[in-house]
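Peer 1: Structure file protein-v4.csv (CSV, C-alpha atoms and all ligand atoms) right here:
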chain,number,residue,atom,x,y,z
A,283,MET,CA,85.1,109.9,86.5
A,284,ARG,CA,88.4,111.8,86.4
A,285,ILE,CA,90.0,111.2,89.8
A,286,LEU,CA,93.0,112.9,91.2
A,287,VAL,CA,94.9,110.5,93.5
A,288,LEU,CA,97.3,112.3,95.8
A,289,GLY,CA,100.0,109.9,96.9
A,290,GLY,CA,99.2,107.5,94.0
A,291,ALA,CA,102.8,106.2,94.0
A,292,GLY,CA,102.6,104.9,97.6
A,293,TYR,CA,101.4,101.6,98.9
A,294,ILE,CA,97.6,102.0,99.3
A,295,GLY,CA,97.5,104.8,96.7
A,296,SER,CA,99.1,102.7,93.9
A,297,HIS,CA,96.7,99.8,94.6
A,298,THR,CA,93.7,102.2,94.4
A,299,VAL,CA,95.0,103.6,91.1
A,300,TYR,CA,95.2,100.1,89.6
A,301,GLU,CA,91.7,99.3,90.7
A,302,LEU,CA,90.3,102.6,89.5
A,303,ILE,CA,91.9,102.1,86.0
A,304,GLU,CA,90.7,98.5,86.0
A,305,ALA,CA,87.2,99.9,86.7
A,306,GLY,CA,87.5,102.2,83.6
A,307,GLU,CA,88.1,105.5,85.4
A,308,ASP,CA,90.6,108.2,84.4
A,309,VAL,CA,93.3,108.9,86.9
A,310,VAL,CA,95.6,111.8,87.6
A,311,ILE,CA,98.4,111.2,90.2
A,312,VAL,CA,100.2,113.7,92.3
A,313,ASP,CA,103.1,112.4,94.3
A,314,ASN,CA,106.4,114.0,95.6
A,315,LEU,CA,108.1,110.5,95.4
A,316,LEU,CA,109.6,111.0,98.9
A,317,THR,CA,108.2,107.7,100.0
A,318,GLY,CA,106.4,106.6,96.9
A,319,PHE,CA,108.0,104.9,93.8
A,320,ARG,CA,107.9,105.9,90.2
A,321,GLU,CA,107.7,102.1,89.4
A,322,ALA,CA,104.4,101.9,91.3
A,323,ILE,CA,102.7,104.4,89.1
A,324,HIS,CA,100.2,102.9,86.7
A,325,PRO,CA,101.4,103.5,83.1
A,326,GLN,CA,97.9,104.7,82.0
A,327,ALA,CA,97.7,107.4,84.7
A,328,THR,CA,98.7,111.0,84.1
A,329,PHE,CA,101.5,111.8,86.6
A,330,TYR,CA,102.6,115.1,88.2
A,331,GLU,CA,105.6,115.1,90.5
A,332,GLY,CA,105.2,117.6,93.2
A,333,ASP,CA,104.2,118.4,96.8
A,334,ILE,CA,100.6,119.1,98.0
A,335,ARG,CA,102.1,121.8,100.2
A,336,ASP,CA,103.0,123.8,97.1
A,337,ARG,CA,99.9,125.9,96.4
A,338,THR,CA,101.0,127.1,92.9
A,339,PHE,CA,101.7,123.5,91.9
A,340,MET,CA,98.3,122.3,93.1
A,341,ASP,CA,96.5,125.3,91.5
A,342,CYS,CA,98.3,124.3,88.2
A,343,VAL,CA,97.1,120.7,88.4
A,344,PHE,CA,93.5,121.8,89.1
A,345,GLU,CA,93.6,124.3,86.2
A,346,LYS,CA,95.1,121.8,83.7
A,347,GLU,CA,93.0,118.8,84.6
A,348,LYS,CA,89.2,118.6,84.9
A,349,ILE,CA,89.0,116.8,88.2
A,350,ASP,CA,85.7,115.3,89.4
A,351,GLY,CA,87.0,114.2,92.8
A,352,VAL,CA,90.1,113.8,94.9
A,353,ILE,CA,91.4,110.7,96.8
A,354,HIS,CA,94.0,111.8,99.4
A,355,PHE,CA,96.8,109.4,100.5
A,356,ALA,CA,99.6,112.0,100.5
A,357,ALA,CA,100.7,111.9,104.1
A,358,SER,CA,103.5,110.6,106.4
A,359,SER,CA,102.4,107.4,108.1
A,360,GLN,CA,105.0,105.9,110.5
A,361,VAL,CA,104.0,105.9,114.1
A,362,GLY,CA,107.6,105.7,115.5
A,363,GLU,CA,108.8,108.5,113.3
A,364,SER,CA,105.9,110.7,114.3
A,365,MET,CA,106.9,110.4,117.9
A,366,LYS,CA,110.5,111.4,117.1
A,367,ASP,CA,109.7,114.1,114.5
A,368,PRO,CA,106.2,115.4,115.2
A,369,LEU,CA,106.7,118.7,113.3
A,370,LYS,CA,107.3,116.7,110.1
A,371,TYR,CA,103.9,115.2,110.6
A,372,TYR,CA,102.2,118.5,111.3
A,373,SER,CA,103.9,120.0,108.1
A,374,ASN,CA,103.3,117.1,105.8
A,375,ASN,CA,99.9,116.0,107.0
A,376,LEU,CA,98.2,119.1,108.3
A,377,CYS,CA,99.8,121.9,106.4
A,378,GLY,CA,99.7,119.7,103.2
A,379,THR,CA,95.9,119.2,103.7
A,380,GLU,CA,95.3,122.9,104.5
A,381,THR,CA,97.0,123.9,101.2
A,382,LEU,CA,95.1,121.2,99.3
A,383,LEU,CA,91.8,122.3,100.7
A,384,GLU,CA,92.5,126.0,99.9
A,385,SER,CA,93.2,125.0,96.3
A,386,MET,CA,90.2,122.7,96.0
A,387,VAL,CA,87.8,125.4,97.4
A,388,ALA,CA,89.3,128.0,95.0
A,389,HIS,CA,88.7,125.6,92.1
A,390,GLY,CA,85.3,124.4,93.1
A,391,ILE,CA,86.4,120.8,93.6
A,392,ASP,CA,83.8,119.5,96.1
A,393,LYS,CA,84.4,115.8,96.7
A,394,ILE,CA,87.3,114.1,98.6
A,395,VAL,CA,87.9,110.7,100.0
A,396,PHE,CA,90.6,110.7,102.7
A,397,SER,CA,92.8,107.9,104.1
A,398,SER,CA,92.5,108.0,107.9
A,399,THR,CA,93.5,105.4,110.4
A,400,ALA,CA,92.5,103.3,113.4
A,401,ALA,CA,95.2,105.2,115.2
A,402,THR,CA,92.6,108.0,115.6
A,403,TYR,CA,91.0,105.9,118.3
A,404,GLY,CA,94.0,105.3,120.6
A,405,GLU,CA,93.4,102.7,123.3
A,406,PRO,CA,89.8,101.7,122.4
A,407,GLU,CA,86.8,101.8,124.8
A,408,ASN,CA,85.0,99.0,123.1
A,409,ILE,CA,85.9,96.1,120.8
A,410,PRO,CA,84.9,96.0,118.0
A,411,ILE,CA,85.5,99.7,117.5
A,412,LYS,CA,82.6,101.8,116.0
A,413,GLU,CA,83.0,105.1,114.2
A,414,ASN,CA,81.4,107.1,117.0
A,415,ASP,CA,83.6,105.6,119.7
A,416,ARG,CA,86.0,107.9,121.6
A,417,THR,CA,89.0,109.2,119.7
A,418,LEU,CA,92.1,109.8,121.8
A,419,PRO,CA,95.2,109.1,119.8
A,420,THR,CA,98.3,107.7,121.6
A,421,ASN,CA,100.7,108.9,118.9
A,422,CYS,CA,101.4,112.0,116.8
A,423,TYR,CA,100.6,110.2,113.6
A,424,GLY,CA,97.0,109.4,114.8
A,425,GLU,CA,96.7,112.9,116.2
A,426,THR,CA,97.5,114.6,112.9
A,427,LYS,CA,95.0,112.2,111.0
A,428,LEU,CA,92.3,113.1,113.5
A,429,SER,CA,93.1,116.8,113.1
A,430,MET,CA,92.9,116.3,109.3
A,431,GLU,CA,89.4,114.8,109.7
A,432,LYS,CA,88.4,117.8,111.7
A,433,MET,CA,89.8,120.1,109.1
A,434,PHE,CA,87.6,118.4,106.5
A,435,LYS,CA,84.6,118.7,108.8
A,436,TRP,CA,84.9,122.4,109.3
A,437,THR,CA,85.8,123.1,105.7
A,438,ALA,CA,82.9,121.1,104.5
A,439,ASN,CA,80.7,123.0,106.9
A,440,ALA,CA,81.8,126.4,105.5
A,441,HIS,CA,82.2,125.6,101.8
A,442,ASN,CA,80.3,123.5,99.3
A,443,LEU,CA,82.4,120.4,99.9
A,444,ARG,CA,81.7,116.8,101.0
A,445,TYR,CA,84.2,114.2,102.3
A,446,VAL,CA,84.5,110.6,103.3
A,447,SER,CA,87.1,109.6,105.8
A,448,LEU,CA,88.2,106.0,105.8
A,449,ARG,CA,89.8,104.7,109.0
A,450,TYR,CA,91.9,101.7,108.0
A,451,PHE,CA,93.0,99.1,110.4
A,452,ASN,CA,96.1,97.1,109.5
A,453,ALA,CA,96.7,97.4,105.7
A,454,CYS,CA,98.6,94.4,104.3
A,455,GLY,CA,99.0,92.1,101.3
A,456,ALA,CA,99.9,92.9,97.7
A,457,HIS,CA,98.1,93.2,94.4
A,458,PRO,CA,97.6,89.6,93.0
A,459,ASN,CA,98.8,90.9,89.6
A,460,GLY,CA,102.4,90.8,91.1
A,461,LYS,CA,103.2,94.3,89.8
A,462,ILE,CA,102.8,96.3,92.9
A,463,GLY,CA,103.1,95.7,96.6
A,464,GLU,CA,104.3,97.0,100.0
A,465,ALA,CA,107.7,98.7,100.0
A,466,HIS,CA,108.6,100.9,102.9
A,467,SER,CA,112.1,102.2,103.8
A,468,PRO,CA,112.7,101.5,106.6
A,469,GLU,CA,110.1,98.7,107.0
A,470,THR,CA,108.3,98.8,110.3
A,471,HIS,CA,105.1,96.7,109.6
A,472,LEU,CA,104.7,93.2,111.0
A,473,ILE,CA,103.9,91.1,107.9
A,474,PRO,CA,106.7,92.4,105.6
A,475,LEU,CA,109.1,92.1,108.4
A,476,ILE,CA,108.1,88.5,109.1
A,477,LEU,CA,108.5,87.7,105.4
A,478,GLN,CA,112.0,89.0,105.4
A,479,VAL,CA,113.0,85.9,107.4
A,480,PRO,CA,112.0,83.3,104.8
A,481,ASN,CA,113.4,85.7,102.2
A,482,GLY,CA,116.8,85.4,103.8
A,483,GLN,CA,117.0,89.1,104.8
A,484,ARG,CA,116.4,88.7,108.6
A,485,GLU,CA,117.3,86.0,111.1
A,486,TYR,CA,114.2,86.2,113.3
A,487,ILE,CA,111.1,88.3,113.9
A,488,SER,CA,110.9,90.4,117.0
A,489,VAL,CA,107.7,90.1,119.0
A,490,PHE,CA,107.0,93.5,120.8
A,491,GLY,CA,105.6,92.6,124.2
A,492,ASN,CA,104.3,89.4,125.6
A,493,ASP,CA,102.3,90.7,128.6
A,494,TYR,CA,99.3,92.3,127.0
A,495,ASP,CA,95.8,91.3,128.2
A,496,THR,CA,95.2,89.1,125.1
A,497,LYS,CA,94.9,85.4,124.6
A,498,ASP,CA,98.6,84.8,124.2
A,499,GLY,CA,100.0,88.1,125.6
A,500,THR,CA,100.8,89.6,122.2
A,501,CYS,CA,98.9,92.5,120.5
A,502,VAL,CA,95.8,91.8,118.5
A,503,ARG,CA,95.2,93.6,115.1
A,504,ASP,CA,92.6,93.5,112.3
A,505,TYR,CA,94.5,92.8,109.1
A,506,ILE,CA,92.8,94.1,105.9
A,507,HIS,CA,94.0,93.4,102.3
A,508,VAL,CA,95.1,96.5,100.4
A,509,ASN,CA,92.9,95.6,97.4
A,510,ASP,CA,89.9,95.6,99.7
A,511,LEU,CA,90.9,99.0,100.9
A,512,ALA,CA,91.3,100.2,97.3
A,513,GLN,CA,87.7,99.0,96.5
A,514,ALA,CA,86.4,100.9,99.5
A,515,HIS,CA,87.9,104.2,98.1
A,516,ILE,CA,86.2,103.6,94.8
A,517,LEU,CA,82.8,102.9,96.5
A,518,ALA,CA,83.3,106.0,98.8
A,519,MET,CA,83.9,108.2,95.7
A,520,LYS,CA,80.8,106.8,94.0
A,521,TYR,CA,78.8,107.4,97.2
A,522,LEU,CA,79.9,111.1,97.1
A,523,MET,CA,79.2,111.3,93.3
A,524,ASN,CA,75.6,110.0,94.1
A,525,GLY,CA,75.1,112.8,96.6
A,526,GLY,CA,76.1,111.0,99.8
A,527,GLU,CA,76.7,113.1,102.9
A,528,SER,CA,80.1,113.6,104.5
A,529,ASP,CA,80.8,110.6,106.8
A,530,ILE,CA,83.5,108.4,108.5
A,531,PHE,CA,83.8,104.7,108.0
A,532,ASN,CA,86.0,102.0,109.6
A,533,LEU,CA,87.7,99.5,107.2
A,534,GLY,CA,88.7,96.1,108.7
A,535,ASN,CA,87.7,92.4,108.5
A,536,GLY,CA,86.2,92.5,112.1
A,537,VAL,CA,88.5,89.6,113.1
A,538,GLY,CA,91.6,90.0,115.3
A,539,PHE,CA,94.9,88.0,115.2
A,540,THR,CA,97.6,88.1,117.7
A,541,VAL,CA,101.2,88.8,116.6
A,542,LYS,CA,102.0,85.1,117.4
A,543,GLU,CA,99.1,83.9,115.2
A,544,VAL,CA,100.3,86.1,112.3
A,545,ILE,CA,103.8,84.6,112.6
A,546,GLU,CA,102.3,81.0,112.8
A,547,THR,CA,100.2,81.7,109.7
A,548,ALA,CA,103.3,83.0,107.8
A,549,ARG,CA,105.1,79.8,108.8
A,550,GLU,CA,102.3,77.7,107.2
A,551,VAL,CA,102.2,79.9,104.1
A,552,THR,CA,105.9,79.9,103.5
A,553,GLY,CA,106.9,76.5,104.9
A,554,HIS,CA,109.7,78.2,106.8
A,555,PRO,CA,110.2,77.9,110.6
A,556,ILE,CA,110.5,81.7,111.0
A,557,PRO,CA,112.2,82.0,114.5
A,558,ALA,CA,110.6,84.6,116.8
A,559,LYS,CA,112.2,86.5,119.7
A,560,GLU,CA,110.2,88.1,122.5
A,561,GLU,CA,111.2,91.7,123.2
A,562,MET,CA,110.0,94.8,125.1
A,563,ARG,CA,106.7,96.4,124.2
A,564,ARG,CA,106.9,99.1,121.5
A,565,SER,CA,105.8,102.5,122.8
A,566,GLY,CA,102.4,103.8,121.7
A,567,ASP,CA,101.0,100.3,120.8
A,568,PRO,CA,97.3,99.7,121.9
A,569,SER,CA,96.8,96.1,122.9
A,570,THR,CA,93.8,95.3,120.7
A,571,LEU,CA,92.3,97.0,117.6
A,572,ILE,CA,89.4,95.3,115.8
A,573,ALA,CA,87.0,97.2,113.5
A,574,SER,CA,83.3,97.1,113.2
A,575,SER,CA,82.9,97.7,109.5
A,576,GLU,CA,79.2,97.2,109.4
A,577,LYS,CA,78.6,100.9,108.5
A,578,ALA,CA,80.9,100.6,105.4
A,579,LYS,CA,79.2,97.4,104.4
A,580,THR,CA,75.7,98.8,104.8
A,581,VAL,CA,76.1,102.3,103.5
A,582,LEU,CA,78.9,101.9,100.9
A,583,GLY,CA,78.1,98.3,100.0
A,584,TRP,CA,81.7,97.3,100.8
A,585,ASN,CA,82.3,93.5,100.6
A,586,PRO,CA,86.0,92.5,101.4
A,587,GLN,CA,87.2,89.7,99.2
A,588,TYR,CA,90.4,88.7,101.1
A,589,ALA,CA,89.1,88.0,104.6
A,590,ASP,CA,91.3,84.9,105.0
A,591,LEU,CA,94.7,85.8,106.7
A,592,ARG,CA,96.4,82.9,104.8
A,593,VAL,CA,95.3,84.4,101.4
A,594,ILE,CA,96.4,87.9,102.5
A,595,ILE,CA,99.9,86.6,103.6
A,596,ASP,CA,100.2,84.5,100.4
A,597,THR,CA,99.7,87.6,98.2
A,598,ALA,CA,102.3,89.5,100.3
A,599,TRP,CA,104.7,86.5,100.1
A,600,ARG,CA,104.5,86.3,96.3
A,601,TRP,CA,105.3,90.0,96.1
A,602,HIS,CA,108.2,89.9,98.5
A,603,GLN,CA,109.7,86.8,96.9
A,604,SER,CA,109.7,88.4,93.4
A,605,HIS,CA,110.7,91.9,94.8
A,606,PRO,CA,113.0,91.2,97.8
A,607,ASN,CA,114.3,94.8,97.6
A,608,GLY,CA,110.9,96.4,96.8
A,609,TYR,CA,111.0,98.5,93.7
A,610,LYS,CA,114.8,99.0,93.9
A,611,ILE,CA,116.7,97.3,91.1
A,612,GLU,CA,118.7,94.3,92.3
A,613,GLY,CA,122.4,94.3,92.8
B,1,LIG,N1,105.1,94.1,115.7
B,1,LIG,C1,106.0,93.2,116.3
B,1,LIG,N2,107.2,93.1,115.7
B,1,LIG,C2,107.6,93.8,114.6
B,1,LIG,C3,106.7,94.8,114.1
B,1,LIG,C4,105.4,94.9,114.7
B,1,LIG,O1,105.7,92.5,117.2
B,1,LIG,O2,108.8,93.7,114.2
B,1,LIG,C5,103.7,94.2,116.3
B,1,LIG,C6,103.4,95.6,116.8
B,1,LIG,O3,103.8,95.8,118.1
B,1,LIG,C7,101.8,95.6,116.7
B,1,LIG,C8,101.6,94.6,115.5
B,1,LIG,O4,102.8,93.9,115.3
B,1,LIG,O5,101.3,95.0,117.8
B,1,LIG,C9,101.3,95.3,114.2
B,1,LIG,O6,102.3,96.3,114.0
B,1,LIG,P1,102.4,97.1,112.7
B,1,LIG,O7,103.6,98.1,112.8
B,1,LIG,O8,102.4,96.2,111.5
B,1,LIG,O9,101.1,98.0,112.5
B,1,LIG,P2,100.3,99.0,113.6
B,1,LIG,O10,99.4,98.2,114.3
B,1,LIG,O11,101.4,99.6,114.4
B,1,LIG,O12,99.7,100.0,112.7
Represent the structure of the file as structure tokens.
Peer 2:
Amino acid sequence: MRILVLGGAGYIGSHTVYELIEAGEDVVIVDNLLTGFREAIHPQATFYEGDIRDRTFMDCVFEKEKIDGVIHFAASSQVGESMKDPLKYYSNNLCGTETLLESMVAHGIDKIVFSSTAATYGEPENIPIKENDRTLPTNCYGETKLSMEKMFKWTANAHNLRYVSLRYFNACGAHPNGKIGEAHSPETHLIPLILQVPNGQREYISVFGNDYDTKDGTCVRDYIHVNDLAQAHILAMKYLMNGGESDIFNLGNGVGFTVKEVIETAREVTGHPIPAKEEMRRSGDPSTLIASSEKAKTVLGWNPQYADLRVIIDTAWRWHQSHPNGYKIEG
């Protein structure tokens, strides 16, 4: 397969590219490098620097490369930023996808795997969450991802195109090869922020809210290793290649950990006391998000390999110790 990975220099995109190449596939990457890193690009991939909102550029890529399918990670993904700058999210996520789909339809590219999110559900009705549960996003990021899913649905309906939307829960961890990992600027995610404490870059970790209706009052999340997410994208592409119908799948381990449990596990993994400070709730945070991933397991044959939170945090810890400033050169 020759797969075009949009956003292949980003966190989940770069891990998927590594796994695709490991599986013997050809990979073309498009990334505008606004949040992705040149250093995260696999040396065997063909790379085009550019923006999916640029129709001429996208047409050029599809004309030059014979693409069998597209995996789409090229989107803005910070909840807090989406609340402060919603139009950036509409432009990057929705307008970007619209231009991409126009170009795909014009070039007869008919398969796409799309990175969606548990943020499409908002405050869940049921735990664990199933794919046909209510979707009522509590932030603009989730709203744009849900709208992107609908754009795929109606486009697939009108044109000869099939899609798989993968709704991730909390992506975390790093590739065990030590070459790529999580690097956001600014960092907002729990596990990398916790690990900044034993790495000497932060004095304590803030715990956002202690009065949620959970076993210790802190939010519960379903943490899923980035390599397991990468494998799900490859399986989803194979599913489409084998004639599978358009569909939506949750990706999580089906187990929830509170913020305090994650901090405690990081203390065990790193051997550092990691002081924690209880603070106000962060706006837009649902109290509990746990996936039912039975559908991905049954239909796609997905089988996560990193279900143990200790192992997940250990891969992240190795990455952050060896790359304390992410991909930026030291000094
Ligand atoms: N969180 C926290 N302190 C931090 C960062 C995050 O307590 O410094 C909490 C956050 O409120 C949420 C959980 O950790 O309940 C996971 O947050 P993250 O931003 O990693 O992912 P999200 O669930 O928002 O996608």
Peer 1: Select, from A:Glu543, A:Glu384, A:Glu347, A:Asp367, the residue with the minimum atom-to-atom distance to ligand LIG 1 (chain B), counting all atoms listed in the file.
Peer 2: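 Among the listed residues, A:Glu543 lies closest to ligand LIG 1 (chain B).
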Peer 1: With all atoms listed in the file as the basis for distance, which of A:Gly295, A:Gly536, A:Gly351, A:Gly332 is at the shortest distance from Ala573 (chain A)?
Peer 2: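 For Ala573 (chain A), the nearest of the given residues is A:Gly536.
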Peer 1: Set the cut-off to 8 Å, count only C-alpha atoms and all ligand atoms, and list whatever residues fall near ligand LIG 1 (chain B) as a PyMOL selection string.
Peer 2: chain A and resi 361+400-401+451-452+470-473+475-476+487-491+500-503+540-541+563-564+567-569+571
Peer 1: Kindly indicate which residue among A:Tyr609, A:Tyr450, A:Tyr330, A:Phe339 lies nearest to Glu413 (chain A), using all atoms listed in the file for the distances.
Peer 2: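 Comparing A:Tyr609, A:Tyr450, A:Tyr330, A:Phe339 against Glu413 (chain A), the winner is A:Tyr450.
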Peer 1: In Å, with one decimal, what is the gap from CA of His507 (chain A) to CA of Glu301 (chain A)?
Peer 2: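 So the answer is 13.2 Å.
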Peer 1: Which residues are near Gly306 (chain A)? Cut-off 12 Å, only C-alpha atoms, ignore same chain within fewer than 4 positions. Put them as a PyMOL selection string.
Peer 2: chain A and resi 283-285+299-302+326-327+516
Peer 1: Find the spatial neighbours of Cys422 (chain A), counting all atoms listed in the file, within a cut-off of 6 Å - ignore same-chain residues fewer than 2 positions away - and output them as a ChimeraX atom specification.
Peer 2: /A:364-365,424-425
Peer 1: Find, counting all atoms listed in the file, the residue in A:Leu477, A:Leu376, A:Ile572, A:Val508 that gets nearest to Pro557 (chain A).
Peer 2: A:Leu477
Peer 1: Given the choices A:Phe531, A:Phe329, A:Phe319, A:Tyr521, which gets closest to Leu448 (chain A) if the distance is worked out from only C-alpha atoms?
Peer 2: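 When distances to Leu448 (chain A) are compared using only C-alpha atoms, the smallest one comes from A:Phe531.
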Peer 1: Could you work out how far CA of Cys454 (chain A) lies from CA of Glu363 (chain A), giving the answer in Å with one decimal?
Peer 2: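 That distance, rounded to one decimal, is 19.6 Å.
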Peer 1: Take CA of Ile594 (chain A) and CA of Gly455 (chain A) and report the distance between them in Å, one decimal.
Peer 2: 5.1 Å
Peer 1: Any idea what's packed within 9 Å of Asp510 (chain A), counting all atoms listed in the file, ignoring anything in its chain fewer than 3 positions away? Could you give it as a PyMOL selection string?
Peer 2: chain A and resi 506-507+513-515+533+584-588
